[in-house]
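To start, the structure under review is shown below, and the notes come after it.
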Amino acid sequence: MHTTDAVVRRGTGVGAVAETDRASFTRDHREINLRGRDVLPKFNAVALLDAPADSTAHESVSWFQVIEAREGRNLVAALGWRMVEGAHRIGWCTFATGVERWSYRDGLLQSLADYPWMRKTEPALARSLLDASYFRRYWRAPFKFTTLPGARFSCQMSTDCCKHDFEITLAPEAQLVIDAMPWETLRPQLSGTRLRVRTDGKLQLKELNETCRFLSTSGRCLVHQTLGRQPFEPCSVFPFAFAETPEGVAVALSPICGSTRLALGVPLEDREEDLRERLAQTEPRRASSFRLAPQVEISWERFRDIERGLCDTIAAEDLPMRQRLYVGTRLLGALKGNEPLEVNRWINEPPVEVTHELREAIRGMLAKILTWDRAALRTLPLPVRLFDREARELPVVVRILQNSLFSKVYSYPYDLTTAYNFLIVLYLLTLIMQAGSDGPLSSAMWRELGSLGVHGLLRSVLHDGVPEGFRDLFGTAEFGQWMLAA
């Protein structure tokens, strides 16, 4: 029935027929059908729309009208045939918006690019890449999205995401797409490209300080350009960061992208269909419980409201940023101690006093961060004084801090107070960066702050940065106040 290199369900992913155990395939296929019997699509072929002129050709493509019985949808399906020992064998099958002038290889690539949906369990585990193609086109999770006020994005083709100083890893099945690409006509030197397999089984697409090999000389992704869409999950999802909540999905933005930093483009609330398609390619961040501080669990409703209050405080235009952050630390401390919320008094309070030894310990933490293996950080000297400096370009700083909190990259695995103290570290690093620049901060520095914030790189501070004896204090509001006074 299939060619030996046809790609079918294998375990939690896909693989070639020749490498698939028939008994396991049959058992898994039956179990998937039973579990998804009320959800999986039911396809009925209605009519042949287009047939190859030469039915004896080595490779050919036929087009069919298909009806999905559950929803009554009229579909167009393409079937790739290969002649093997005088008999037609199926090489691939996928859906399209209409009859296309595809070669066998074109359709194979389109089919393989649906591999991410073979790993999804919602609405049901796909039996085949045909199910995956259907789910990609027609199924959307019924989530309600929440976004930060004023959040916008439209791709400006800067290619910063393809060049920035971070790693990109892919699922093992991505190699199938890479193998099927027509590199001989796109970029011959990429023919035979095999991505390195990491110890965790993932493929290494891009290393630190490396530009993606699939970026064209004109600044376009060759894979995206060929397919008309982006099949690789990290690339498709960027610059969005999804976090599941009891009320839906929170959508934050990566400040690595200049469009998001400057709030350029379409409001996120007008991109709902786009967000749903991107969300289908990834697993949102999740939390089993919500915490105000270490060991202090709170309800989701309280977590949500405190997070919103902190984001509003960060955006308070009538206050300097240092004062905004100080008010946030006082709010967190008062909530933990069940104390009155006296915002007006906090606004007028002088900074807390810290000893010379404490100031030097905090400066030592910042100095250690500047030695990390990050090209942008290693160029920075630590100023003699930070406590009397104030941040410039505040609209960008606000977006970076808000998105770092709203992404829940720190508040879900830790708690709101620890997450907020990471924001203060980001603020201090912003001051260090701006101290070395008389004019606007460079895009490279803003991108670095985005990596440290929304992309979670500051986690390393807890393991290699916090002064000796202070690790248990990092999750307290007092430590945030000390950092602001250092």
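So you can find residues: chains in the structure tokens are A, B, ... in the order shown, residues in each start at 1, and ligands are numbered from 1 in order.
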
How close does segment 326-393 of chain A get to segment 435-445 of chain A? List, as a tab-separated table, each residue of segment 326-393 of chain A within 10 Å, its nearest atom pair and the distance in Å to one decimal, counting only C-alpha atoms.
residue	atom	partner	partner_atom	distance
A:Ala375	CA	A:Ala444	CA	9.6
A:Ala376	CA	A:Met445	CA	6.4
A:Leu377	CA	A:Met445	CA	8.2
A:Thr379	CA	A:Gly436	CA	9.5
A:Leu380	CA	A:Gly436	CA	7.2
A:Pro381	CA	A:Gly436	CA	7.6
A:Leu382	CA	A:Ala435	CA	8.7
A:Pro383	CA	A:Ala435	CA	7.0
A:Arg385	CA	A:Ala435	CA	9.8
A:Leu386	CA	A:Ala435	CA	9.0
A:Arg389	CA	A:Ala435	CA	8.5
A:Glu390	CA	A:Ala435	CA	9.7
A:Ala391	CA	A:Ala435	CA	9.2
A:Arg392	CA	A:Pro440	CA	8.2
A:Glu393	CA	A:Pro440	CA	7.4

Deliver the residues from the most recent selection as a file, using N, CA, C and O atoms, as a PDB file, in the first residue's frame.
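The result, stored in part12.pdb:
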ATOM      1  N   ALA A 375      27.723  37.538  24.477  1.00  0.00           N
ATOM      2  CA  ALA A 375      28.563  38.509  23.781  1.00  0.00           C
ATOM      3  C   ALA A 375      28.252  39.939  24.204  1.00  0.00           C
ATOM      4  O   ALA A 375      29.163  40.753  24.414  1.00  0.00           O
ATOM      5  N   ALA A 376      26.965  40.271  24.340  1.00  0.00           N
ATOM      6  CA  ALA A 376      26.599  41.644  24.687  1.00  0.00           C
ATOM      7  C   ALA A 376      27.021  41.995  26.111  1.00  0.00           C
ATOM      8  O   ALA A 376      27.516  43.091  26.373  1.00  0.00           O
ATOM      9  N   LEU A 377      26.834  41.073  27.042  1.00  0.00           N
ATOM     10  CA  LEU A 377      27.144  41.357  28.440  1.00  0.00           C
ATOM     11  C   LEU A 377      28.636  41.547  28.679  1.00  0.00           C
ATOM     12  O   LEU A 377      29.049  42.390  29.483  1.00  0.00           O
ATOM     13  N   THR A 379      30.807  42.961  27.088  1.00  0.00           N
ATOM     14  CA  THR A 379      31.369  44.257  26.671  1.00  0.00           C
ATOM     15  C   THR A 379      31.130  45.338  27.714  1.00  0.00           C
ATOM     16  O   THR A 379      31.614  46.467  27.555  1.00  0.00           O
ATOM     17  N   LEU A 380      30.379  45.032  28.776  1.00  0.00           N
ATOM     18  CA  LEU A 380      29.905  46.079  29.680  1.00  0.00           C
ATOM     19  C   LEU A 380      30.770  46.218  30.931  1.00  0.00           C
ATOM     20  O   LEU A 380      31.011  45.233  31.632  1.00  0.00           O
ATOM     21  N   PRO A 381      31.207  47.444  31.262  1.00  0.00           N
ATOM     22  CA  PRO A 381      31.836  47.692  32.560  1.00  0.00           C
ATOM     23  C   PRO A 381      30.753  47.965  33.602  1.00  0.00           C
ATOM     24  O   PRO A 381      29.655  48.427  33.272  1.00  0.00           O
ATOM     25  N   LEU A 382      31.036  47.693  34.866  1.00  0.00           N
ATOM     26  CA  LEU A 382      30.087  47.964  35.937  1.00  0.00           C
ATOM     27  C   LEU A 382      30.336  49.372  36.469  1.00  0.00           C
ATOM     28  O   LEU A 382      31.423  49.665  36.986  1.00  0.00           O
ATOM     29  N   PRO A 383      29.371  50.295  36.329  1.00  0.00           N
ATOM     30  CA  PRO A 383      29.576  51.663  36.812  1.00  0.00           C
ATOM     31  C   PRO A 383      29.851  51.706  38.314  1.00  0.00           C
ATOM     32  O   PRO A 383      29.442  50.816  39.066  1.00  0.00           O
ATOM     33  N   ARG A 385      28.597  53.843  40.436  1.00  0.00           N
ATOM     34  CA  ARG A 385      27.353  54.118  41.158  1.00  0.00           C
ATOM     35  C   ARG A 385      26.154  53.739  40.284  1.00  0.00           C
ATOM     36  O   ARG A 385      26.101  54.076  39.106  1.00  0.00           O
ATOM     37  N   LEU A 386      25.194  53.047  40.899  1.00  0.00           N
ATOM     38  CA  LEU A 386      23.939  52.737  40.222  1.00  0.00           C
ATOM     39  C   LEU A 386      22.750  53.361  40.930  1.00  0.00           C
ATOM     40  O   LEU A 386      21.735  53.662  40.303  1.00  0.00           O
ATOM     41  N   ARG A 389      21.206  56.557  39.503  1.00  0.00           N
ATOM     42  CA  ARG A 389      20.912  56.595  38.073  1.00  0.00           C
ATOM     43  C   ARG A 389      19.438  56.300  37.821  1.00  0.00           C
ATOM     44  O   ARG A 389      18.773  55.648  38.633  1.00  0.00           O
ATOM     45  N   GLU A 390      18.943  56.774  36.689  1.00  0.00           N
ATOM     46  CA  GLU A 390      17.575  56.471  36.291  1.00  0.00           C
ATOM     47  C   GLU A 390      17.558  56.046  34.830  1.00  0.00           C
ATOM     48  O   GLU A 390      18.361  56.520  34.026  1.00  0.00           O
ATOM     49  N   ALA A 391      16.649  55.128  34.506  1.00  0.00           N
ATOM     50  CA  ALA A 391      16.591  54.571  33.153  1.00  0.00           C
ATOM     51  C   ALA A 391      16.046  55.585  32.150  1.00  0.00           C
ATOM     52  O   ALA A 391      15.195  56.418  32.477  1.00  0.00           O
ATOM     53  N   ARG A 392      16.560  55.504  30.938  1.00  0.00           N
ATOM     54  CA  ARG A 392      16.058  56.286  29.811  1.00  0.00           C
ATOM     55  C   ARG A 392      15.228  55.379  28.900  1.00  0.00           C
ATOM     56  O   ARG A 392      15.139  54.191  29.128  1.00  0.00           O
ATOM     57  N   GLU A 393      14.617  55.970  27.882  1.00  0.00           N
ATOM     58  CA  GLU A 393      13.800  55.225  26.907  1.00  0.00           C
ATOM     59  C   GLU A 393      12.768  54.349  27.627  1.00  0.00           C
ATOM     60  O   GLU A 393      12.634  53.151  27.368  1.00  0.00           O
TER      61      GLU A 393
END

Could you give me, as a PyMOL selection string, the residues within 9 Å of segment 308-322 of chain A, counting only C-alpha atoms and dropping anything in the same chain fewer than 6 positions from it? chain A and resi 148+328+331-332+347+389-391+394-395+397-399+401-403+405-406+420+424+427+484

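Distances here use only C-alpha atoms; by that measure, the residue among A:Arg136, A:Lys144, A:Arg9, A:Arg198 closest to Gln110 of chain A is A:Arg136.
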
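Remark: for His356 of chain A, the closest of the candidate residues A:Ala69, A:Phe25, A:Trp482, A:Phe95 is A:Trp482 (distances computed over only C-alpha atoms).
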
Which residues come within 12 Å of Ile369 of chain A, counting only C-alpha atoms, excluding same-chain residues fewer than 3 positions away, as a count of residues only? 33

Counting only C-alpha atoms, give me one row per residue of segment 116-180 of chain A with an atom at most 10 Å from an atom of segment 232-251 of chain A, showing the shortest contact pair and its distance in Å to one decimal, sorted by chain then residue number, as a Markdown table.
| residue | atom | partner | partner_atom | distance |
| --- | --- | --- | --- | --- |
| A:Pro116 | CA | A:Glu233 | CA | 7.4 |
| A:Ala141 | CA | A:Gly248 | CA | 9.9 |
| A:Pro142 | CA | A:Gly248 | CA | 8.5 |
| A:Phe143 | CA | A:Gly248 | CA | 5.0 |
| A:Lys144 | CA | A:Gly248 | CA | 4.7 |
| A:Phe145 | CA | A:Val249 | CA | 5.0 |
| A:Thr146 | CA | A:Ala250 | CA | 4.8 |
| A:Thr147 | CA | A:Val251 | CA | 5.2 |
| A:Leu148 | CA | A:Val251 | CA | 7.8 |
| A:Ala151 | CA | A:Val251 | CA | 9.4 |
| A:Phe153 | CA | A:Pro239 | CA | 8.4 |
| A:Ser154 | CA | A:Pro239 | CA | 9.9 |
| A:Cys155 | CA | A:Pro239 | CA | 9.3 |
| A:Cys161 | CA | A:Phe238 | CA | 7.8 |
| A:Cys162 | CA | A:Cys235 | CA | 8.5 |
| A:Ile168 | CA | A:Pro234 | CA | 7.0 |
| A:Thr169 | CA | A:Pro234 | CA | 7.6 |
| A:Leu170 | CA | A:Phe232 | CA | 6.8 |
| A:Ala171 | CA | A:Phe232 | CA | 8.4 |
| A:Glu173 | CA | A:Phe232 | CA | 9.9 |
| A:Ala174 | CA | A:Phe232 | CA | 7.1 |
| A:Val177 | CA | A:Phe232 | CA | 9.3 |

Output file for the residues above (all heavy atoms, as a short mmCIF file (atom, residue, chain, number, x, y, z; two decimals), in the first residue's frame):
data_model
loop_
_atom_site.label_atom_id
_atom_site.label_comp_id
_atom_site.auth_asym_id
_atom_site.auth_seq_id
_atom_site.Cartn_x
_atom_site.Cartn_y
_atom_site.Cartn_z
N PRO A 116 4.41 18.60 13.35
CA PRO A 116 4.14 19.01 14.73
C PRO A 116 2.79 18.56 15.25
O PRO A 116 2.62 18.30 16.45
CB PRO A 116 4.23 20.55 14.67
CG PRO A 116 5.13 20.83 13.51
CD PRO A 116 4.78 19.76 12.50
N ALA A 141 -8.02 25.45 19.26
CA ALA A 141 -8.38 25.31 20.67
C ALA A 141 -9.31 26.45 21.08
O ALA A 141 -9.06 27.60 20.72
CB ALA A 141 -7.12 25.30 21.53
N PRO A 142 -10.35 26.14 21.83
CA PRO A 142 -11.34 27.19 22.20
C PRO A 142 -10.87 28.03 23.38
O PRO A 142 -11.60 28.22 24.36
CB PRO A 142 -12.58 26.35 22.55
CG PRO A 142 -12.01 25.08 23.11
CD PRO A 142 -10.75 24.80 22.31
N PHE A 143 -9.63 28.52 23.33
CA PHE A 143 -9.09 29.32 24.42
C PHE A 143 -9.50 30.79 24.27
O PHE A 143 -9.64 31.31 23.16
CB PHE A 143 -7.56 29.26 24.43
CG PHE A 143 -7.00 27.97 24.94
CD1 PHE A 143 -6.14 27.21 24.16
CD2 PHE A 143 -7.31 27.50 26.21
CE1 PHE A 143 -5.60 26.03 24.62
CE2 PHE A 143 -6.78 26.31 26.68
CZ PHE A 143 -5.93 25.59 25.89
N LYS A 144 -9.60 31.46 25.41
CA LYS A 144 -9.72 32.91 25.43
C LYS A 144 -8.32 33.48 25.66
O LYS A 144 -7.62 33.06 26.58
CB LYS A 144 -10.65 33.35 26.56
CG LYS A 144 -10.72 34.86 26.74
CD LYS A 144 -11.51 35.22 27.99
CE LYS A 144 -11.46 36.72 28.25
NZ LYS A 144 -12.16 37.09 29.51
N PHE A 145 -7.91 34.41 24.82
CA PHE A 145 -6.58 35.01 24.95
C PHE A 145 -6.65 36.28 25.80
O PHE A 145 -7.59 37.07 25.68
CB PHE A 145 -6.00 35.36 23.58
CG PHE A 145 -5.64 34.16 22.75
CD1 PHE A 145 -6.31 33.89 21.57
CD2 PHE A 145 -4.62 33.31 23.15
CE1 PHE A 145 -5.98 32.78 20.81
CE2 PHE A 145 -4.28 32.20 22.40
CZ PHE A 145 -4.96 31.94 21.22
N THR A 146 -5.62 36.48 26.64
CA THR A 146 -5.45 37.74 27.34
C THR A 146 -4.07 38.30 26.96
O THR A 146 -3.11 37.55 26.81
CB THR A 146 -5.52 37.57 28.86
OG1 THR A 146 -4.57 36.60 29.29
CG2 THR A 146 -6.91 37.14 29.29
N THR A 147 -4.01 39.61 26.77
CA THR A 147 -2.78 40.26 26.34
C THR A 147 -2.57 41.52 27.17
O THR A 147 -3.49 42.01 27.84
CB THR A 147 -2.83 40.64 24.86
OG1 THR A 147 -3.87 41.60 24.66
CG2 THR A 147 -3.11 39.41 23.99
N LEU A 148 -1.36 42.05 27.11
CA LEU A 148 -1.08 43.32 27.76
C LEU A 148 -1.70 44.46 26.96
O LEU A 148 -1.76 44.39 25.72
CB LEU A 148 0.43 43.53 27.86
CG LEU A 148 1.16 42.70 28.92
CD1 LEU A 148 2.67 42.78 28.70
CD2 LEU A 148 0.80 43.16 30.33
N ALA A 151 -0.30 45.89 23.31
CA ALA A 151 0.64 44.94 22.70
C ALA A 151 0.38 44.84 21.21
O ALA A 151 -0.75 44.62 20.77
CB ALA A 151 0.51 43.57 23.35
N PHE A 153 2.24 43.60 17.18
CA PHE A 153 3.32 42.94 16.44
C PHE A 153 2.95 42.81 14.97
O PHE A 153 1.83 42.42 14.63
CB PHE A 153 3.63 41.56 16.99
CG PHE A 153 4.50 40.72 16.08
CD1 PHE A 153 5.83 41.04 15.90
CD2 PHE A 153 3.96 39.66 15.36
CE1 PHE A 153 6.64 40.31 15.03
CE2 PHE A 153 4.76 38.91 14.49
CZ PHE A 153 6.10 39.23 14.33
N SER A 154 3.90 43.14 14.10
CA SER A 154 3.89 42.76 12.69
C SER A 154 5.34 42.56 12.30
O SER A 154 6.19 43.39 12.63
CB SER A 154 3.25 43.85 11.81
OG SER A 154 1.85 43.90 12.00
N CYS A 155 5.63 41.47 11.62
CA CYS A 155 7.02 41.17 11.27
C CYS A 155 7.59 42.26 10.36
O CYS A 155 6.99 42.61 9.34
CB CYS A 155 7.10 39.82 10.59
SG CYS A 155 8.80 39.32 10.18
N CYS A 161 15.54 37.41 14.89
CA CYS A 161 15.24 36.11 15.51
C CYS A 161 16.10 35.00 14.92
O CYS A 161 16.28 33.95 15.55
CB CYS A 161 13.77 35.78 15.34
SG CYS A 161 13.13 35.99 13.66
N CYS A 162 16.63 35.20 13.72
CA CYS A 162 17.46 34.18 13.07
C CYS A 162 18.94 34.34 13.41
O CYS A 162 19.74 33.45 13.10
CB CYS A 162 17.32 34.26 11.54
SG CYS A 162 15.62 34.30 10.95
N ILE A 168 18.50 27.42 19.12
CA ILE A 168 17.20 26.97 18.62
C ILE A 168 17.29 25.46 18.41
O ILE A 168 18.19 24.97 17.73
CB ILE A 168 16.83 27.65 17.29
CG1 ILE A 168 16.74 29.17 17.47
CG2 ILE A 168 15.49 27.11 16.78
CD1 ILE A 168 16.38 29.92 16.19
N THR A 169 16.38 24.74 19.04
CA THR A 169 16.34 23.28 18.90
C THR A 169 15.01 22.87 18.28
O THR A 169 13.99 23.56 18.42
CB THR A 169 16.51 22.58 20.26
OG1 THR A 169 15.42 22.97 21.15
CG2 THR A 169 17.84 22.96 20.90
N LEU A 170 15.04 21.73 17.59
CA LEU A 170 13.86 21.22 16.89
C LEU A 170 13.58 19.78 17.28
O LEU A 170 14.47 19.07 17.77
CB LEU A 170 14.07 21.29 15.37
CG LEU A 170 14.43 22.65 14.76
CD1 LEU A 170 14.67 22.49 13.26
CD2 LEU A 170 13.34 23.67 15.03
N ALA A 171 12.35 19.35 17.04
CA ALA A 171 11.99 17.95 17.24
C ALA A 171 12.71 17.08 16.20
O ALA A 171 13.04 17.55 15.11
CB ALA A 171 10.48 17.76 17.11
N GLU A 173 11.69 14.96 14.12
CA GLU A 173 11.01 14.84 12.83
C GLU A 173 11.33 15.98 11.88
O GLU A 173 11.07 15.88 10.68
CB GLU A 173 9.49 14.78 13.05
CG GLU A 173 9.00 13.52 13.74
CD GLU A 173 9.02 13.63 15.25
OE1 GLU A 173 9.59 14.61 15.76
OE2 GLU A 173 8.49 12.72 15.91
N ALA A 174 11.87 17.08 12.41
CA ALA A 174 12.21 18.21 11.54
C ALA A 174 13.23 17.81 10.48
O ALA A 174 13.28 18.40 9.39
CB ALA A 174 12.75 19.36 12.38
N VAL A 177 11.71 17.09 7.07
CA VAL A 177 11.43 18.28 6.26
C VAL A 177 12.71 18.78 5.61
O VAL A 177 12.73 19.11 4.41
CB VAL A 177 10.80 19.38 7.13
CG1 VAL A 177 10.60 20.66 6.32
CG2 VAL A 177 9.47 18.92 7.71
#

Residues at most 12 Å from Gly91 of chain A, counting only C-alpha atoms, excluding those fewer than 3 positions away in the same chain, as number ranges by chain? A: 1-8, 16-17, 58-62, 78-84, 88, 94, 104-109, 111-112, 129-130

Write down as a PyMOL selection string the residues of segment 130-290 of chain A whose backbone DSSP state falls under alpha helix (DSSP H). chain A and resi 130-138+160-163+174-180+183-186+222-227+233-237+258-261+272-279

Smallest atom-to-atom distance to Pro284 of chain A: which of A:Ala334, A:Val409, A:Leu449, A:Met118, using only C-alpha atoms? A:Val409
